[in-house]
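First the structure, in the form of structure tokens, and then the observations on it.
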Amino acid sequence: MLDTPDRAQALILAAGRGERMRPLTDTTPKPLLWVQGRPLLQWHVDALATGGCTKLLVNTAWLGEQIPAHFGATPHASDGQVLHIAYSEEGRDFGEALETAGGIVRALPRLADVFWVVAGDVYTPGFRFSAEAKQQFAQSDKLAHLWLVPNPRHNPRGDFGLSPDGLALNIPAALRDKHSTWTYSTIGLYRREFFTARFVQSVCAIPAGNPAGVKAPLAPMLRAAMDNAAVSAELYTGPWTDVGTPDRLRELNATHPQARTTETPSP
């Protein structure tokens, strides 16, 4: 089953502090920084809507009240579609963000059996959250499917390998200079079962819903799943930027003649 009534088809991760983006993120959560004519998070909202995802879940923590205040519960995408956005408010519930895996597991009861995950702080205007990709993944025997990108300057040694038959590979850091590696784009498709798989639970066992607010990163879980041939991947070569520093934000907006002169949306 791909979708479940009232469960979100995608989770946008928007809870982080954005330390490297300070001082901009002292007053604005990074996903609301203005990028090439609209808030960064809006790019994902619109792309997901184009791909048929109209029920979204956004996790929040740092300055988290600003995100639902901006989007509300039933915003319109740029093409006019009415969307339904719910929020997993980690800051309200636990006082801080739960890291990537902790945040996903917190949201898991509210997500469909197969769902998209994307970080709210990457800019990838050409990526298609296609129904075909989701269907193909759902028909496979894998627990996750990742999109990898060529290594950017700030991550020259990459994150994961990619086999000729489309498996994501756990390449130890000490061996990455001897293997072709790629950077995880932070875009992926997941099954709910990924987070309950034995080999993932052996890395970090978090009950569904994460009621205790356990903080946990996703990468060790992915590596454990890769060691069990449970993660597929493909290379994405379209525009992609981890908007992680003020310099990268300025570079993006400098290439867009209609971008705002300021780096945050007007009040």
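Naming works like this for the structure tokens: A, B, ... for the chains as they're shown, residue 1 at the start of each chain, ligands 1 onward in shown order.
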
Within stretch 68-221 of chain A, find each residue whose DSSP state, derived from the backbone, is strand (DSSP E or B), and express the selection as a ChimeraX atom specification.
/A:76,82,84-89,111-119,122-123,144-149,160-162,167-169,182-191

Stretch 141-220 of chain A residues near stretch 225-243 of chain A within 9 Å, closest pair each, using only C-alpha atoms, as JSON lines:
```
{"residue": "A:Asp141", "atom": "CA", "partner": "A:Ala230", "partner_atom": "CA", "distance": 7.6}
{"residue": "A:Lys142", "atom": "CA", "partner": "A:Ala230", "partner_atom": "CA", "distance": 4.9}
{"residue": "A:Leu143", "atom": "CA", "partner": "A:Ala230", "partner_atom": "CA", "distance": 5.5}
{"residue": "A:Ala144", "atom": "CA", "partner": "A:Val231", "partner_atom": "CA", "distance": 4.9}
{"residue": "A:His145", "atom": "CA", "partner": "A:Ser232", "partner_atom": "CA", "distance": 4.7}
{"residue": "A:Leu146", "atom": "CA", "partner": "A:Ala233", "partner_atom": "CA", "distance": 4.5}
{"residue": "A:Trp147", "atom": "CA", "partner": "A:Glu234", "partner_atom": "CA", "distance": 5.2}
{"residue": "A:Leu148", "atom": "CA", "partner": "A:Leu235", "partner_atom": "CA", "distance": 4.8}
{"residue": "A:Val149", "atom": "CA", "partner": "A:Tyr236", "partner_atom": "CA", "distance": 5.2}
{"residue": "A:Pro150", "atom": "CA", "partner": "A:Thr237", "partner_atom": "CA", "distance": 6.9}
{"residue": "A:Pro152", "atom": "CA", "partner": "A:Thr241", "partner_atom": "CA", "distance": 8.2}
{"residue": "A:Leu162", "atom": "CA", "partner": "A:Ala233", "partner_atom": "CA", "distance": 6.9}
{"residue": "A:Ser163", "atom": "CA", "partner": "A:Ala233", "partner_atom": "CA", "distance": 8.7}
{"residue": "A:Asp165", "atom": "CA", "partner": "A:Ser232", "partner_atom": "CA", "distance": 8.8}
{"residue": "A:Gly166", "atom": "CA", "partner": "A:Ala233", "partner_atom": "CA", "distance": 5.5}
{"residue": "A:Leu167", "atom": "CA", "partner": "A:Ser232", "partner_atom": "CA", "distance": 4.3}
{"residue": "A:Ala168", "atom": "CA", "partner": "A:Ser232", "partner_atom": "CA", "distance": 5.2}
{"residue": "A:Leu169", "atom": "CA", "partner": "A:Met226", "partner_atom": "CA", "distance": 5.8}
{"residue": "A:Asn170", "atom": "CA", "partner": "A:Met226", "partner_atom": "CA", "distance": 5.9}
{"residue": "A:Trp182", "atom": "CA", "partner": "A:Leu235", "partner_atom": "CA", "distance": 8.2}
{"residue": "A:Ser185", "atom": "CA", "partner": "A:Trp240", "partner_atom": "CA", "distance": 7.8}
{"residue": "A:Gly188", "atom": "CA", "partner": "A:Ala233", "partner_atom": "CA", "distance": 8.7}
{"residue": "A:Phe194", "atom": "CA", "partner": "A:Ala225", "partner_atom": "CA", "distance": 8.1}
{"residue": "A:Ala197", "atom": "CA", "partner": "A:Ala225", "partner_atom": "CA", "distance": 8.4}
{"residue": "A:Phe199", "atom": "CA", "partner": "A:Ala225", "partner_atom": "CA", "distance": 6.5}
{"residue": "A:Val200", "atom": "CA", "partner": "A:Ala225", "partner_atom": "CA", "distance": 6.4}
{"residue": "A:Pro220", "atom": "CA", "partner": "A:Ala225", "partner_atom": "CA", "distance": 8.6}
```

Please, could you write that set of residues out with N, CA and C atoms as a short mmCIF file (atom, residue, chain, number, x, y, z; two decimals), in the first residue's frame?
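again.cif was written with the following content:
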```
data_model
loop_
_atom_site.label_atom_id
_atom_site.label_comp_id
_atom_site.auth_asym_id
_atom_site.auth_seq_id
_atom_site.Cartn_x
_atom_site.Cartn_y
_atom_site.Cartn_z
N ASP A 141 12.06 -4.89 -3.30
CA ASP A 141 12.19 -5.51 -1.99
C ASP A 141 13.08 -4.69 -1.06
N LYS A 142 13.36 -3.44 -1.44
CA LYS A 142 14.25 -2.60 -0.64
C LYS A 142 13.47 -1.82 0.41
N LEU A 143 14.19 -1.42 1.46
CA LEU A 143 13.57 -0.65 2.54
C LEU A 143 13.76 0.85 2.37
N ALA A 144 14.71 1.26 1.55
CA ALA A 144 14.93 2.68 1.30
C ALA A 144 15.53 2.83 -0.09
N HIS A 145 15.28 3.97 -0.71
CA HIS A 145 15.89 4.32 -1.99
C HIS A 145 16.37 5.76 -1.89
N LEU A 146 17.66 5.97 -2.18
CA LEU A 146 18.27 7.28 -2.01
C LEU A 146 18.66 7.88 -3.34
N TRP A 147 18.63 9.20 -3.41
CA TRP A 147 19.20 9.93 -4.53
C TRP A 147 20.54 10.51 -4.09
N LEU A 148 21.58 10.18 -4.83
CA LEU A 148 22.94 10.66 -4.56
C LEU A 148 23.31 11.72 -5.58
N VAL A 149 24.20 12.62 -5.19
CA VAL A 149 24.62 13.71 -6.07
C VAL A 149 26.15 13.75 -6.12
N PRO A 150 26.72 14.34 -7.19
CA PRO A 150 28.17 14.53 -7.23
C PRO A 150 28.64 15.31 -6.01
N PRO A 152 29.92 17.85 -3.57
CA PRO A 152 30.16 19.30 -3.58
C PRO A 152 31.51 19.61 -2.92
N LEU A 162 27.94 3.46 -4.90
CA LEU A 162 26.80 3.05 -5.72
C LEU A 162 27.26 1.91 -6.62
N SER A 163 26.63 0.75 -6.47
CA SER A 163 27.03 -0.41 -7.26
C SER A 163 26.44 -0.33 -8.66
N ASP A 165 24.55 -2.32 -10.11
CA ASP A 165 23.16 -2.76 -10.14
C ASP A 165 22.26 -1.94 -9.23
N GLY A 166 22.73 -0.75 -8.79
CA GLY A 166 21.86 0.19 -8.10
C GLY A 166 21.73 0.01 -6.60
N LEU A 167 22.69 -0.65 -5.98
CA LEU A 167 22.69 -0.74 -4.52
C LEU A 167 23.53 0.39 -3.93
N ALA A 168 23.03 1.00 -2.86
CA ALA A 168 23.83 1.96 -2.10
C ALA A 168 24.83 1.17 -1.26
N LEU A 169 26.06 1.66 -1.22
CA LEU A 169 27.15 0.92 -0.57
C LEU A 169 27.71 1.71 0.61
N ASN A 170 27.92 1.02 1.70
CA ASN A 170 28.55 1.59 2.88
C ASN A 170 30.06 1.52 2.71
N TRP A 182 29.61 9.16 -3.53
CA TRP A 182 28.70 10.25 -3.85
C TRP A 182 28.11 10.79 -2.56
N SER A 185 21.84 13.23 -1.16
CA SER A 185 21.16 14.49 -1.44
C SER A 185 20.19 14.91 -0.34
N GLY A 188 14.98 10.91 -0.26
CA GLY A 188 14.86 9.46 -0.31
C GLY A 188 13.42 9.01 -0.15
N PHE A 194 11.55 0.12 7.40
CA PHE A 194 12.98 0.41 7.54
C PHE A 194 13.34 0.60 9.01
N ALA A 197 13.33 -2.71 11.12
CA ALA A 197 14.15 -3.83 10.69
C ALA A 197 15.15 -4.20 11.78
N PHE A 199 18.27 -5.18 11.73
CA PHE A 199 19.61 -4.62 11.63
C PHE A 199 19.63 -3.12 11.89
N VAL A 200 18.52 -2.45 11.64
CA VAL A 200 18.43 -1.03 11.98
C VAL A 200 18.22 -0.86 13.47
N PRO A 220 23.93 6.13 10.57
CA PRO A 220 24.28 4.78 11.03
C PRO A 220 23.22 3.75 10.68
#
```

Between A:Thr183, A:Gln42, A:Thr50, A:Thr28, which residue has the minimum interatomic distance to A:Gln81, considering only C-alpha atoms?
A:Thr50

Between A:Arg248, A:Arg223, A:Arg92, A:Arg106, single out the one closest to A:Asp159, counting only C-alpha atoms.
A:Arg223

If you run DSSP over the backbone, which residues in stretch 25-133 of chain A end up alpha helix (DSSP H)? Put them as a PyMOL selection string.
chain A and resi 40-50+66-71+90-94+99-107+131-133

For A:Thr255, which residue out of A:Gly91, A:Pro68, A:Pro164, A:Gly37 is the nearest one, using only C-alpha atoms?
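Closest candidate: A:Gly37.
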
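Between atom CA of A:Arg20 and atom CA of A:Ile104 the interatomic distance comes to 22.7 Å.
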
To one decimal place in Å, what is the distance between atom CA of A:Phe127 and atom CA of A:Arg17?
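Separating atom CA of A:Phe127 from atom CA of A:Arg17 is a distance of 25.0 Å.
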
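Shortest atom-to-atom contact with A:Lys134 among A:Lys55, A:Lys215, A:Leu83, A:Asp113: A:Asp113, counting only C-alpha atoms.
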
Across A:Trp43, A:Trp62, A:Tyr190, A:Trp34, the smallest distance to A:Gly95, with only C-alpha atoms counted, is shown by A:Trp62

What's around A:Asn210 at 8 Å? Count only C-alpha atoms, leave out sequence neighbours fewer than 4 positions away in its own chain, and write the answer as a tab-separated table (two decimals) with all heavy atoms, in the first residue's frame.
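So the final result, stored in part_13.tsv, reads:
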```tsv
chain	number	residue	atom	x	y	z
A	102	GLY	N	15.68	10.43	14.80
A	102	GLY	CA	14.76	10.66	15.92
A	102	GLY	C	13.51	11.39	15.46
A	102	GLY	O	12.40	11.08	15.90
A	105	VAL	N	11.28	8.95	13.22
A	105	VAL	CA	10.56	7.96	14.01
A	105	VAL	C	9.46	8.63	14.84
A	105	VAL	O	8.38	8.06	15.05
A	105	VAL	CB	11.52	7.16	14.90
A	105	VAL	CG1	10.76	6.15	15.76
A	105	VAL	CG2	12.54	6.41	14.04
A	106	ARG	N	9.70	9.85	15.32
A	106	ARG	CA	8.66	10.59	16.02
A	106	ARG	C	7.44	10.77	15.11
A	106	ARG	O	6.29	10.66	15.56
A	106	ARG	CB	9.20	11.96	16.45
A	106	ARG	CG	8.16	12.89	17.07
A	106	ARG	CD	7.64	12.37	18.37
A	106	ARG	NE	6.73	13.30	19.03
A	106	ARG	CZ	5.99	12.98	20.09
A	106	ARG	NH1	6.05	11.78	20.61
A	106	ARG	NH2	5.19	13.88	20.62
A	206	ILE	N	14.36	2.59	18.56
A	206	ILE	CA	13.48	3.67	19.00
A	206	ILE	C	12.04	3.21	18.79
A	206	ILE	O	11.66	2.87	17.67
A	206	ILE	CB	13.73	4.97	18.20
A	206	ILE	CG1	15.20	5.34	18.19
A	206	ILE	CG2	12.89	6.11	18.78
A	206	ILE	CD1	15.51	6.55	17.32
A	214	VAL	N	14.00	10.43	21.87
A	214	VAL	CA	15.38	10.00	21.66
A	214	VAL	C	15.96	10.74	20.47
A	214	VAL	O	15.33	10.85	19.41
A	214	VAL	CB	15.44	8.48	21.41
A	214	VAL	CG1	16.86	8.04	21.04
A	214	VAL	CG2	14.94	7.72	22.62
```

Report the distance between atom CA of A:Pro39 and atom CA of A:Ala219 in Å, rounded to one decimal place.
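The value is 27.1 Å.
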
Of the residues A:Thr196, A:Ala69, A:Val122, A:Ser202, which is the one nearest to A:Leu40, using only C-alpha atoms?
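Looking only at the distances to A:Leu40, the closest residue turns out to be A:Val122.
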
Compile the contact shell of A:His84 as a compact mmCIF listing (two decimals) with N, CA and C atoms, in the first residue's frame: residues with an atom at most 9 Å away, counting only C-alpha atoms, same-chain residues fewer than 3 positions apart removed.
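The resulting result.txt:
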```
# COMPACT_ATOMS: atom_id res chain seq x y z
N ALA A 8 0.51 11.23 5.99
CA ALA A 8 1.28 12.09 5.09
C ALA A 8 2.10 11.26 4.11
N THR A 54 -0.06 15.65 -1.78
CA THR A 54 -0.83 16.79 -1.26
C THR A 54 -1.00 16.75 0.25
N LYS A 55 -0.55 15.66 0.89
CA LYS A 55 -0.58 15.55 2.34
C LYS A 55 0.86 15.49 2.84
N LEU A 56 1.28 16.55 3.50
CA LEU A 56 2.68 16.69 3.90
C LEU A 56 2.78 16.81 5.41
N LEU A 57 3.93 16.41 5.93
CA LEU A 57 4.25 16.57 7.34
C LEU A 57 5.59 17.28 7.43
N GLY A 72 0.56 27.55 7.37
CA GLY A 72 -0.76 27.15 7.84
C GLY A 72 -1.01 25.67 7.60
N ALA A 73 -2.27 25.27 7.68
CA ALA A 73 -2.63 23.86 7.54
C ALA A 73 -3.09 23.50 6.14
N THR A 74 -3.62 24.46 5.39
CA THR A 74 -4.13 24.18 4.04
C THR A 74 -3.66 25.25 3.06
N PRO A 75 -2.34 25.32 2.83
CA PRO A 75 -1.85 26.33 1.89
C PRO A 75 -2.11 25.91 0.45
N HIS A 76 -1.92 26.85 -0.44
CA HIS A 76 -1.96 26.57 -1.87
C HIS A 76 -0.53 26.45 -2.38
```
